$ cat work_21.txt   # compact mmCIF, C-alpha atoms
# COMPACT_ATOMS: atom_id res chain seq x y z
CA MET A 1 0.18 1.82 1.80
CA MET A 2 0.51 2.89 0.12
CA ARG A 3 0.26 1.04 -0.80
CA ARG A 4 2.30 2.15 -0.14
CA ARG A 5 4.92 3.46 -2.15
CA THR A 6 4.31 6.55 -4.19
CA THR A 7 7.72 7.24 -5.66
CA LEU A 8 7.38 10.81 -6.85
CA LEU A 9 10.03 12.69 -4.93
CA THR A 10 9.62 16.27 -3.84
CA GLY A 11 12.76 18.35 -4.16
CA CYS A 12 13.17 18.31 -0.40
CA THR A 13 12.90 14.53 -0.17
CA ALA A 14 15.31 14.01 -3.05
CA LEU A 15 17.82 16.30 -1.37
CA ALA A 16 17.39 14.49 1.94
CA LEU A 17 18.01 11.12 0.36
CA ALA A 18 21.02 12.43 -1.53
CA LEU A 19 22.57 13.83 1.62
CA GLY A 20 21.53 10.89 3.80
CA THR A 21 19.99 13.25 6.35
CA THR A 22 16.71 13.50 8.16
CA ALA A 23 15.43 16.55 6.34
CA CYS A 24 12.02 17.93 5.45
CA GLY A 25 11.16 18.66 9.06
CA GLY A 26 7.92 20.34 10.02
CA GLY A 27 7.84 22.42 13.14
CA PRO A 28 4.99 23.80 15.19
CA VAL A 29 2.57 25.54 12.88
CA SER A 30 0.19 27.37 15.19
CA ALA A 31 -0.51 27.90 18.82
CA GLY A 32 -3.97 26.35 18.77
CA GLY A 33 -4.92 23.63 21.27
CA GLY A 34 -2.90 21.22 23.37
CA ASP A 35 -0.87 21.69 26.49
CA LYS A 36 2.51 22.02 24.72
CA ALA A 37 3.84 19.23 26.95
CA LEU A 38 6.52 18.41 24.37
CA ASP A 39 7.72 21.98 23.76
CA GLY A 40 11.27 22.01 22.46
CA GLN A 41 11.41 18.25 21.81
CA THR A 42 11.89 16.74 18.35
CA VAL A 43 10.32 13.51 17.09
CA THR A 44 12.06 11.87 14.14
CA VAL A 45 9.88 9.79 11.82
CA ALA A 46 10.83 7.52 8.91
CA GLY A 47 8.51 6.05 6.30
CA VAL A 48 8.19 5.06 2.66
CA TRP A 49 6.09 8.05 1.69
CA SER A 50 7.24 10.69 -0.75
CA GLY A 51 5.52 13.14 -3.09
CA SER A 52 1.90 13.91 -2.27
CA GLU A 53 1.73 11.22 0.42
CA GLN A 54 4.65 12.74 2.32
CA LYS A 55 3.18 16.22 1.93
CA ASN A 56 -0.17 15.10 3.36
CA PHE A 57 1.40 13.15 6.23
CA GLN A 58 3.37 16.28 7.09
CA LYS A 59 0.04 18.02 7.67
CA VAL A 60 -0.72 15.38 10.31
CA LEU A 61 2.69 15.89 11.90
CA ASP A 62 2.14 19.66 11.86
CA ALA A 63 -1.19 19.19 13.64
CA PHE A 64 0.64 17.12 16.27
CA SER A 65 3.19 19.92 16.60
CA ALA A 66 0.46 22.51 17.06
CA LYS A 67 -1.13 20.37 19.75
CA THR A 68 1.99 19.41 21.72
CA GLY A 69 4.75 21.88 20.86
CA ALA A 70 6.99 19.10 19.51
CA LYS A 71 8.94 19.53 16.32
CA THR A 72 9.02 16.71 13.78
CA GLN A 73 11.50 15.54 11.16
CA PHE A 74 10.41 13.08 8.47
CA THR A 75 12.77 10.99 6.32
CA SER A 76 11.57 9.13 3.25
CA THR A 77 13.21 5.69 3.21
CA GLY A 78 12.14 4.60 -0.27
CA ASP A 79 10.82 1.07 -0.65
CA ASN A 80 13.58 -0.69 1.30
CA VAL A 81 12.42 0.48 4.70
CA SER A 82 13.84 -2.56 6.49
CA THR A 83 17.37 -2.01 5.14
CA VAL A 84 17.36 1.75 5.70
CA VAL A 85 16.05 1.56 9.27
CA GLY A 86 18.41 -1.30 10.13
CA SER A 87 21.42 0.70 8.96
CA LYS A 88 20.26 3.75 10.93
CA ILE A 89 19.95 1.68 14.10
CA GLU A 90 23.42 0.20 13.57
CA GLY A 91 24.79 3.70 12.97
CA GLY A 92 23.32 5.03 16.22
CA ASN A 93 20.90 7.26 14.35
CA ALA A 94 17.60 5.42 14.86
CA PRO A 95 14.41 7.37 14.21
CA ASP A 96 11.87 7.53 17.04
CA VAL A 97 8.94 6.35 14.92
CA VAL A 98 8.79 4.27 11.74
CA MET A 99 5.75 3.95 9.49
CA VAL A 100 6.10 0.29 8.49
CA PRO A 101 4.33 -0.76 5.27
CA GLN A 102 4.60 -4.53 5.73
CA VAL A 103 3.44 -6.95 8.42
CA GLY A 104 6.51 -9.06 7.74
CA VAL A 105 8.82 -6.11 8.44
CA LEU A 106 6.94 -5.25 11.65
CA GLN A 107 7.37 -8.85 12.79
CA GLN A 108 11.05 -8.77 11.86
CA PHE A 109 11.61 -5.55 13.84
CA ALA A 110 9.81 -7.02 16.87
CA GLU A 111 11.76 -10.28 16.74
CA LYS A 112 15.04 -8.32 16.65
CA GLY A 113 13.97 -6.52 19.82
CA TRP A 114 13.86 -3.10 18.15
CA LEU A 115 10.31 -2.12 19.14
CA LYS A 116 8.62 -0.72 22.22
CA PRO A 117 5.15 -2.12 23.08
CA LEU A 118 2.46 0.50 22.56
CA SER A 119 1.19 2.49 25.52
CA ALA A 120 -2.00 1.71 27.42
CA THR A 121 -3.53 4.87 25.95
CA THR A 122 -2.89 3.70 22.40
CA ARG A 123 -4.08 0.16 23.15
CA LYS A 124 -7.32 1.56 24.53
CA SER A 125 -7.87 3.60 21.35
CA VAL A 126 -7.18 0.56 19.17
CA ASP A 127 -9.62 -1.63 21.12
CA ALA A 128 -12.32 1.04 20.87
CA GLY A 129 -11.87 2.13 17.26
CA PHE A 130 -10.38 -0.68 15.18
CA ALA A 131 -11.61 -4.08 14.00
CA PRO A 132 -9.67 -6.92 15.70
CA VAL A 133 -7.91 -7.79 12.43
CA TRP A 134 -5.90 -4.56 12.61
CA LYS A 135 -4.79 -5.35 16.16
CA LYS A 136 -3.82 -8.85 15.03
CA TYR A 137 -1.61 -7.55 12.23
CA GLY A 138 -0.01 -5.02 14.58
CA SER A 139 0.83 -7.62 17.23
CA VAL A 140 3.65 -10.14 17.62
CA ASP A 141 3.27 -12.95 20.19
CA GLY A 142 0.30 -11.20 21.74
CA THR A 143 2.03 -7.82 22.22
CA LEU A 144 0.77 -4.79 20.28
CA TYR A 145 3.65 -2.98 18.61
CA GLY A 146 2.05 -1.41 15.53
CA LEU A 147 -0.76 1.11 15.09
CA TYR A 148 -2.34 0.98 11.63
CA PHE A 149 -2.74 4.65 10.83
CA LYS A 150 -3.22 4.51 7.05
CA ALA A 151 -4.99 1.68 5.28
CA ALA A 152 -5.38 0.85 1.64
CA HIS A 153 -8.30 -0.71 -0.19
CA LYS A 154 -6.38 -2.60 -2.83
CA SER A 155 -9.23 -4.18 -4.74
CA THR A 156 -10.02 -1.13 -6.85
CA VAL A 157 -9.59 -0.65 -10.60
CA TRP A 158 -9.41 3.02 -11.56
CA TYR A 159 -10.58 4.33 -14.91
CA SER A 160 -11.23 7.39 -16.99
CA PRO A 161 -15.03 7.72 -17.30
CA ASP A 162 -14.51 9.49 -20.64
CA ALA A 163 -12.40 6.64 -22.02
CA LEU A 164 -14.93 3.98 -21.06
CA ALA A 165 -17.86 6.09 -22.30
CA GLN A 166 -16.18 6.62 -25.69
CA ALA A 167 -15.66 2.87 -26.00
CA GLY A 168 -19.27 2.21 -24.94
CA VAL A 169 -18.05 0.13 -22.00
CA LYS A 170 -19.59 -0.18 -18.54
CA PRO A 171 -17.66 -1.22 -15.41
CA PRO A 172 -17.35 -5.04 -15.53
CA LYS A 173 -18.51 -7.51 -12.89
CA THR A 174 -16.18 -10.42 -13.69
CA TYR A 175 -12.52 -10.73 -14.64
CA ASP A 176 -13.40 -12.12 -18.07
CA GLU A 177 -15.74 -9.18 -18.64
CA MET A 178 -12.91 -6.84 -17.63
CA LEU A 179 -10.56 -8.29 -20.25
CA LYS A 180 -13.33 -8.14 -22.87
CA ALA A 181 -14.01 -4.50 -21.92
CA GLY A 182 -10.27 -3.89 -22.20
CA HIS A 183 -10.23 -5.11 -25.79
CA THR A 184 -13.16 -2.82 -26.60
CA VAL A 185 -11.30 0.16 -25.07
CA SER A 186 -8.20 -0.82 -27.06
CA ASP A 187 -10.26 -0.96 -30.28
CA SER A 188 -11.38 2.62 -29.60
CA GLY A 189 -7.79 3.88 -29.65
CA LEU A 190 -6.42 3.65 -26.10
CA ALA A 191 -4.65 0.71 -24.49
CA ALA A 192 -6.76 -0.95 -21.81
CA PHE A 193 -4.39 -0.97 -18.81
CA SER A 194 -1.43 1.01 -17.66
CA VAL A 195 0.76 -1.44 -15.70
CA ALA A 196 3.41 -0.20 -13.25
CA GLY A 197 5.87 -3.03 -13.80
CA GLN A 198 8.90 -1.01 -12.65
CA ASP A 199 7.49 -1.23 -9.12
CA GLY A 200 7.35 -4.94 -8.30
CA TRP A 201 4.85 -4.42 -5.48
CA THR A 202 2.11 -3.50 -7.94
CA LEU A 203 2.54 -6.90 -9.62
CA THR A 204 2.16 -8.69 -6.28
CA ASP A 205 -1.13 -6.84 -5.83
CA TRP A 206 -2.37 -8.04 -9.23
CA PHE A 207 -1.50 -11.61 -8.27
CA GLU A 208 -3.09 -11.38 -4.81
CA ASN A 209 -6.47 -10.19 -6.03
CA ILE A 210 -6.61 -12.90 -8.66
CA TYR A 211 -5.44 -15.55 -6.19
CA LEU A 212 -7.84 -14.57 -3.39
CA SER A 213 -10.82 -14.67 -5.74
CA GLN A 214 -9.80 -17.75 -7.72
CA ALA A 215 -8.32 -19.94 -4.96
CA GLY A 216 -10.38 -18.66 -2.01
CA PRO A 217 -9.53 -17.22 1.43
CA GLU A 218 -8.35 -20.45 3.10
CA LYS A 219 -5.66 -21.09 0.51
CA TYR A 220 -4.79 -17.38 0.52
CA ASP A 221 -4.15 -17.53 4.27
CA ALA A 222 -2.13 -20.73 3.90
CA LEU A 223 0.03 -19.30 1.11
CA ALA A 224 0.54 -16.06 3.04
CA ALA A 225 1.88 -18.08 5.99
CA HIS A 226 3.88 -20.35 3.64
CA LYS A 227 1.93 -23.34 4.90
CA LEU A 228 1.06 -23.92 1.24
CA LYS A 229 3.89 -24.10 -1.28
CA TRP A 230 4.08 -21.71 -4.21
CA THR A 231 4.30 -24.75 -6.47
CA ASP A 232 0.68 -25.59 -5.61
CA ALA A 233 -1.63 -25.91 -8.63
CA SER A 234 -3.69 -22.95 -7.39
CA VAL A 235 -0.65 -20.66 -7.72
CA VAL A 236 0.10 -21.90 -11.22
CA GLU A 237 -3.53 -21.31 -12.17
CA ALA A 238 -3.46 -17.72 -10.84
CA LEU A 239 -0.19 -17.00 -12.67
CA THR A 240 -1.71 -18.42 -15.86
CA THR A 241 -4.70 -16.08 -15.45
CA LEU A 242 -2.40 -13.10 -14.85
CA GLY A 243 -0.14 -14.09 -17.73
CA LYS A 244 -3.02 -13.87 -20.22
CA LEU A 245 -3.29 -10.17 -19.44
CA PHE A 246 0.46 -9.51 -19.32
CA LYS A 247 1.17 -11.01 -22.75
CA ASP A 248 -1.74 -9.29 -24.52
CA LYS A 249 -0.30 -6.21 -26.24
CA GLN A 250 -3.80 -4.82 -26.75
CA LEU A 251 -4.38 -4.79 -23.02
CA VAL A 252 -1.06 -3.45 -21.67
CA ALA A 253 -0.08 0.09 -22.64
CA GLY A 254 3.17 -0.06 -24.63
CA GLY A 255 3.43 -3.81 -24.10
CA GLN A 256 5.58 -5.59 -21.54
CA LYS A 257 8.75 -3.58 -22.16
CA GLU A 258 7.09 -0.23 -21.54
CA ALA A 259 5.25 -1.64 -18.50
CA LEU A 260 8.60 -2.65 -16.98
CA ASN A 261 9.78 0.95 -17.39
CA THR A 262 6.66 2.46 -15.80
CA ASP A 263 6.59 3.21 -12.07
CA PHE A 264 3.42 3.61 -10.03
CA PRO A 265 2.99 7.41 -10.43
CA GLY A 266 3.77 7.01 -14.14
CA SER A 267 1.05 4.37 -14.48
CA VAL A 268 -1.49 6.80 -13.01
CA GLU A 269 -0.26 9.54 -15.36
CA LYS A 270 -0.87 7.29 -18.38
CA VAL A 271 -4.58 7.25 -17.52
CA PHE A 272 -5.15 10.62 -15.86
CA GLY A 273 -2.28 12.77 -17.16
CA PRO A 274 -2.37 15.34 -19.99
CA GLU A 275 -1.67 12.73 -22.69
CA PRO A 276 -3.66 9.57 -21.82
CA LYS A 277 -2.23 6.28 -23.07
CA ALA A 278 -4.68 3.89 -21.34
CA GLY A 279 -8.22 3.79 -20.05
CA MET A 280 -7.65 1.92 -16.78
CA VAL A 281 -5.05 1.41 -14.10
CA TYR A 282 -5.27 -1.18 -11.36
CA GLU A 283 -4.05 -0.20 -7.90
CA GLY A 284 -5.38 0.76 -4.50
CA ASP A 285 -7.50 3.68 -3.40
CA PHE A 286 -4.35 5.83 -3.20
CA VAL A 287 -4.55 6.21 -7.00
CA ALA A 288 -7.13 8.89 -6.22
CA GLY A 289 -4.58 10.94 -4.30
CA VAL A 290 -2.16 10.98 -7.25
CA ALA A 291 -4.92 11.64 -9.81
CA HIS A 292 -6.19 14.55 -7.74
CA ASP A 293 -2.93 16.04 -6.44
CA GLN A 294 -0.74 15.57 -9.51
CA PHE A 295 -3.26 15.85 -12.31
CA GLN A 296 -6.08 17.89 -10.76
CA LYS A 297 -8.74 15.27 -11.49
CA THR A 298 -12.08 15.49 -9.69
CA ILE A 299 -12.65 12.13 -8.05
CA GLY A 300 -16.01 10.69 -9.04
CA LYS A 301 -16.16 12.81 -12.20
CA ASP A 302 -12.80 12.68 -14.01
CA ALA A 303 -11.53 9.58 -12.19
CA ASP A 304 -13.58 6.70 -10.80
CA PHE A 305 -13.16 3.04 -9.87
CA PHE A 306 -14.95 -0.29 -9.96
CA PRO A 307 -14.26 -3.14 -7.52
CA PHE A 308 -11.67 -5.67 -8.68
CA PRO A 309 -13.98 -8.22 -10.33
CA ALA A 310 -14.52 -11.84 -9.35
CA VAL A 311 -12.25 -14.36 -11.06
CA GLY A 312 -13.34 -17.78 -12.30
CA GLY A 313 -16.54 -18.11 -10.32
CA GLY A 314 -15.01 -17.01 -7.03
CA LYS A 315 -16.08 -14.06 -4.89
CA ALA A 316 -14.85 -10.55 -5.60
CA PRO A 317 -11.67 -10.03 -3.54
CA VAL A 318 -11.15 -7.47 -0.77
CA VAL A 319 -7.40 -7.07 -0.27
CA SER A 320 -6.09 -4.41 2.06
CA GLY A 321 -2.78 -3.10 3.24
CA GLY A 322 -1.61 -0.47 5.63
CA ASP A 323 1.17 1.50 7.24
CA ALA A 324 1.71 0.75 10.92
CA ALA A 325 3.38 3.27 13.20
CA VAL A 326 5.95 1.68 15.53
CA VAL A 327 8.25 3.16 18.18
CA LEU A 328 11.93 2.17 18.17
CA LYS A 329 13.65 1.48 21.48
CA ASP A 330 16.86 3.08 20.20
CA GLY A 331 15.22 6.35 19.17
CA LYS A 332 16.65 9.38 20.95
CA ASN A 333 13.17 10.55 21.93
CA ALA A 334 11.09 7.36 22.12
CA LYS A 335 8.83 8.82 24.83
CA ALA A 336 7.78 11.68 22.56
CA GLY A 337 7.45 9.13 19.75
CA MET A 338 4.95 7.22 21.89
CA LYS A 339 2.98 10.45 22.33
CA LEU A 340 2.86 10.80 18.54
CA LEU A 341 1.32 7.30 18.30
CA GLU A 342 -1.25 8.18 20.94
CA TYR A 343 -2.20 11.12 18.71
CA LEU A 344 -2.21 9.01 15.50
CA ALA A 345 -4.66 6.60 17.17
CA THR A 346 -7.28 9.35 17.42
CA PRO A 347 -9.93 10.15 14.81
CA GLU A 348 -8.70 13.76 15.07
CA ALA A 349 -5.36 12.82 13.50
CA ALA A 350 -6.97 10.67 10.79
CA ALA A 351 -9.31 13.52 9.88
CA VAL A 352 -6.35 15.74 8.91
CA TRP A 353 -5.21 13.44 6.11
CA ALA A 354 -8.76 12.37 5.24
CA LYS A 355 -9.54 15.99 4.42
CA ALA A 356 -6.40 16.26 2.26
CA GLY A 357 -7.32 13.15 0.22
CA GLY A 358 -5.53 9.99 -0.90
CA PHE A 359 -6.09 8.34 2.47
CA LEU A 360 -8.23 5.74 4.21
CA SER A 361 -8.34 5.12 7.94
CA PRO A 362 -9.21 1.76 9.52
CA ASN A 363 -10.43 3.74 12.55
CA ARG A 364 -14.21 3.30 12.61
CA LYS A 365 -14.52 6.31 14.94
CA LEU A 366 -13.48 8.64 12.11
CA ASP A 367 -16.55 10.47 10.80
CA LEU A 368 -17.00 9.54 7.12
CA ALA A 369 -17.86 13.19 6.49
CA SER A 370 -14.14 13.90 7.03
CA TYR A 371 -13.41 12.51 3.55
CA GLY A 372 -13.52 15.05 0.77
CA ASP A 373 -15.57 13.18 -1.85
CA ASP A 374 -18.26 10.55 -2.16
CA VAL A 375 -16.01 8.01 -3.89
CA THR A 376 -13.46 8.00 -1.05
CA ARG A 377 -16.28 7.99 1.49
CA ALA A 378 -17.78 4.89 -0.13
CA THR A 379 -14.37 3.18 -0.28
CA ALA A 380 -13.71 3.92 3.40
CA LYS A 381 -17.15 2.65 4.35
CA SER A 382 -16.51 -0.56 2.40
CA LEU A 383 -13.14 -1.12 4.08
CA VAL A 384 -14.32 -0.44 7.63
CA GLY A 385 -17.55 -2.34 7.00
CA ALA A 386 -15.63 -5.43 5.84
CA GLY A 387 -14.30 -5.79 9.39
CA ASP A 388 -12.39 -9.02 9.91
CA SER A 389 -13.23 -10.40 6.46
CA VAL A 390 -10.56 -8.21 4.88
CA ARG A 391 -7.47 -10.14 3.77
CA PHE A 392 -4.20 -8.31 4.33
CA ASP A 393 -1.81 -7.90 1.42
CA MET A 394 0.03 -11.20 1.10
CA SER A 395 3.47 -9.87 0.17
CA ASP A 396 3.30 -7.50 3.14
CA GLN A 397 2.87 -10.50 5.44
CA ALA A 398 5.99 -12.18 4.10
CA PRO A 399 9.57 -11.68 5.29
CA ALA A 400 10.99 -8.56 3.66
CA ALA A 401 13.53 -10.59 1.67
CA PHE A 402 10.68 -12.29 -0.19
CA GLY A 403 7.77 -9.85 -0.18
CA GLY A 404 9.21 -6.39 0.33
CA THR A 405 12.61 -5.83 -1.28
CA LYS A 406 13.24 -4.06 -4.55
CA GLY A 407 15.03 -6.23 -7.10
CA ALA A 408 14.61 -9.43 -5.09
CA GLY A 409 12.13 -12.15 -4.14
CA GLU A 410 8.55 -11.94 -5.28
CA TRP A 411 8.90 -8.42 -6.67
CA LYS A 412 11.69 -9.39 -9.07
CA LEU A 413 10.23 -12.78 -10.01
CA LEU A 414 6.90 -11.22 -10.97
CA GLN A 415 8.76 -8.60 -13.00
CA ASP A 416 10.53 -11.46 -14.77
CA PHE A 417 7.10 -13.06 -15.31
CA LEU A 418 5.74 -9.83 -16.79
CA ARG A 419 8.73 -9.81 -19.16
CA ASP A 420 8.02 -13.42 -20.18
CA PRO A 421 4.76 -14.97 -18.90
CA SER A 422 5.15 -18.16 -20.95
CA ASP A 423 6.07 -20.48 -18.06
CA PRO A 424 3.74 -20.08 -15.05
CA LYS A 425 4.88 -23.41 -13.61
CA GLY A 426 8.54 -22.42 -13.80
CA THR A 427 7.79 -19.06 -12.17
CA ALA A 428 5.91 -20.83 -9.37
CA ALA A 429 8.96 -23.01 -8.73
CA LYS A 430 11.23 -19.95 -8.52
CA LEU A 431 8.77 -18.25 -6.15
CA GLU A 432 8.76 -21.31 -3.91
CA SER A 433 12.56 -21.45 -3.85
CA ALA A 434 12.79 -17.76 -2.86
CA ALA A 435 9.98 -18.08 -0.30
CA ALA A 436 11.48 -21.19 1.33
CA LYS A 437 14.81 -19.40 1.83
CA ALA A 438 13.23 -16.21 3.19
CA TYR A 439 10.88 -17.95 5.61
CA GLN A 440 13.71 -20.19 6.83
CA ASP A 441 15.97 -17.20 7.46

$ encode --input "work_21.txt" --output "structure tokens"
Amino acid sequence: MMRRRTTLLTGCTALALALGTTACGGGPVSAGGGDKALDGQTVTVAGVWSGSEQKNFQKVLDAFSAKTGAKTQFTSTGDNVSTVVGSKIEGGNAPDVVMVPQVGVLQQFAEKGWLKPLSATTRKSVDAGFAPVWKKYGSVDGTLYGLYFKAAHKSTVWYSPDALAQAGVKPPKTYDEMLKAGHTVSDSGLAAFSVAGQDGWTLTDWFENIYLSQAGPEKYDALAAHKLKWTDASVVEALTTLGKLFKDKQLVAGGQKEALNTDFPGSVEKVFGPEPKAGMVYEGDFVAGVAHDQFQKTIGKDADFFPFPAVGGGKAPVVSGGDAAVVLKDGKNAKAGMKLLEYLATPEAAAVWAKAGGFLSPNRKLDLASYGDDVTRATAKSLVGAGDSVRFDMSDQAPAAFGGTKGAGEWKLLQDFLRDPSDPKGTAAKLESAAAKAYQD
């Protein structure tokens, strides 16, 4: 999640992508525990993670290696996971396991016949430890294919406590209060928000929180399923609300042009890096991982969040996302891949990344004490406690061509809207045209 897509590349990942190889492998790290049933076998894993997220997931893979004797190789796909995995399958080089960041992509993979149903062991763990909503999003036509290992709480606005204190601002309760607070922060010398417009997925998240709160959950579900057209008045209203922020140069650090040249890690750096340019950055709980790992911020002291505020008299939104582990039929070692999923379904596996930070698990059997700070603990408790009332990220539910492809569909159209937010109705029409084509395909 993620969301999903931290785009800082480690040297190893960058080299792997340049060479087109499955590099950055982690082997067995210690002899402790397990029966070494997979000794000598290698499990290949692909996912969107890079930077600190990849590093922390490797710790989970290393724990699996220590337990089973299997070696692992992880490849970072970048944002276009569907395209990369598809080309690997066609080339006879399919990974065993893919960490899929979008429900729509999981459904696409299942419909193409690429996926193996999850084992009885994994299904039992899911039934015992996860709210039904996570099983629903991991299933296609009643068959469970995806295990949601990493979740995101994407209704969090992160801020520098120092910046807000200097401006005399307290965390707002409504969207209008948030924009007013933003102007006060701007008057004190910092821009209000750092916006990661170079990564189109962040803009979809802005829209989704506004839409869920303003239009309500029923319309959100209908739009997510494309049972409601994007030309609906509720969409135009949400775009109008978002456009007020986008076009306000006091609120967006560097204005629209700079926002379009800022990726997600860069947006976090503008708030928590050595030379702050803004007081707040909206994105999911994974902001904490970047703030801590890249900029050595103490979560709860140097970096904190407030819930995305209610818009226009609606309820405060709770939008989530997640990365689902799936097993590919064409993987050279799919059986060992299934064993990896059985491990990922345990609270033991989740605890490894929880301790490292920048992670939330939807597994309610994970002890909250596994998280390293009170802020993350509270976020995890909120997410797990929300149960089935959580609404999954809308763009992640869409076909990849509309909701999950760089430079296309919703990502590109919202980038165009950030560049020029003067015509919400026109943007809604373009979104509907792109959605209709993608859902038809």

$ closest_residue --input "work_21.txt" --among "A:Gly47, A:Gly279, A:Pro171, A:Gly129" --to "Phe193 in chain A" --atoms "all atoms listed in the file"
A:Gly279

$ closest_residue --input "work_21.txt" --among "A:Leu418, A:Ala401, A:Leu147, A:Leu360" --to "Gly255 in chain A" --atoms "only C-alpha atoms"
A:Leu418

$ residues_around --input "work_21.txt" --residues "range 350-358 of chain A" --least-positions-apart "4" --cutoff "8 Å" --atoms "all atoms listed in the file" --output "short mmCIF file (atom, residue, chain, number, x, y, z; two decimals) with C-alpha atoms, keeping the file's coordinate frame"
data_model
loop_
_atom_site.label_atom_id
_atom_site.label_comp_id
_atom_site.auth_asym_id
_atom_site.auth_seq_id
_atom_site.Cartn_x
_atom_site.Cartn_y
_atom_site.Cartn_z
CA GLU A 53 1.73 11.22 0.42
CA ASN A 56 -0.17 15.10 3.36
CA PHE A 57 1.40 13.15 6.23
CA LYS A 59 0.04 18.02 7.67
CA VAL A 60 -0.72 15.38 10.31
CA ALA A 63 -1.19 19.19 13.64
CA PHE A 149 -2.74 4.65 10.83
CA ASP A 285 -7.50 3.68 -3.40
CA PHE A 286 -4.35 5.83 -3.20
CA VAL A 287 -4.55 6.21 -7.00
CA ALA A 288 -7.13 8.89 -6.22
CA GLY A 289 -4.58 10.94 -4.30
CA VAL A 290 -2.16 10.98 -7.25
CA LEU A 344 -2.21 9.01 15.50
CA ALA A 345 -4.66 6.60 17.17
CA THR A 346 -7.28 9.35 17.42
CA ASN A 363 -10.43 3.74 12.55
CA LEU A 366 -13.48 8.64 12.11
CA ASP A 367 -16.55 10.47 10.80
CA SER A 370 -14.14 13.90 7.03
CA TYR A 371 -13.41 12.51 3.55
CA GLY A 372 -13.52 15.05 0.77
#

$ residues_near_point --input "work_21.txt" --point "(-11.9, 4.2, 17.4)" --cutoff "7 Å" --atoms "all atoms listed in the file" --output "list in words"
Ser125, Val126, Ala128, Gly129, Phe130, Thr346, Pro347, Asn363, Arg364 and Lys365 of chain A

$ closest_residue --input "work_21.txt" --among "A:Val281, A:Ser186, A:Gly142, A:Glu258" --to "Ala167 in chain A" --atoms "all atoms listed in the file"
A:Ser186

$ atom_distance --input "work_21.txt" --atom1 "CA of Thr427 in chain A" --atom2 "CA of Leu413 in chain A"
7.1 Å

$ closest_residue --input "work_21.txt" --among "A:Leu179, A:Ala400, A:Val157, A:Val318" --to "Asp79 in chain A" --atoms "all atoms listed in the file"
A:Ala400

$ closest_residue --input "work_21.txt" --among "A:Gly197, A:Gly314, A:Gly86, A:Gly273" --to "Ser160 in chain A" --atoms "all atoms listed in the file"
A:Gly273
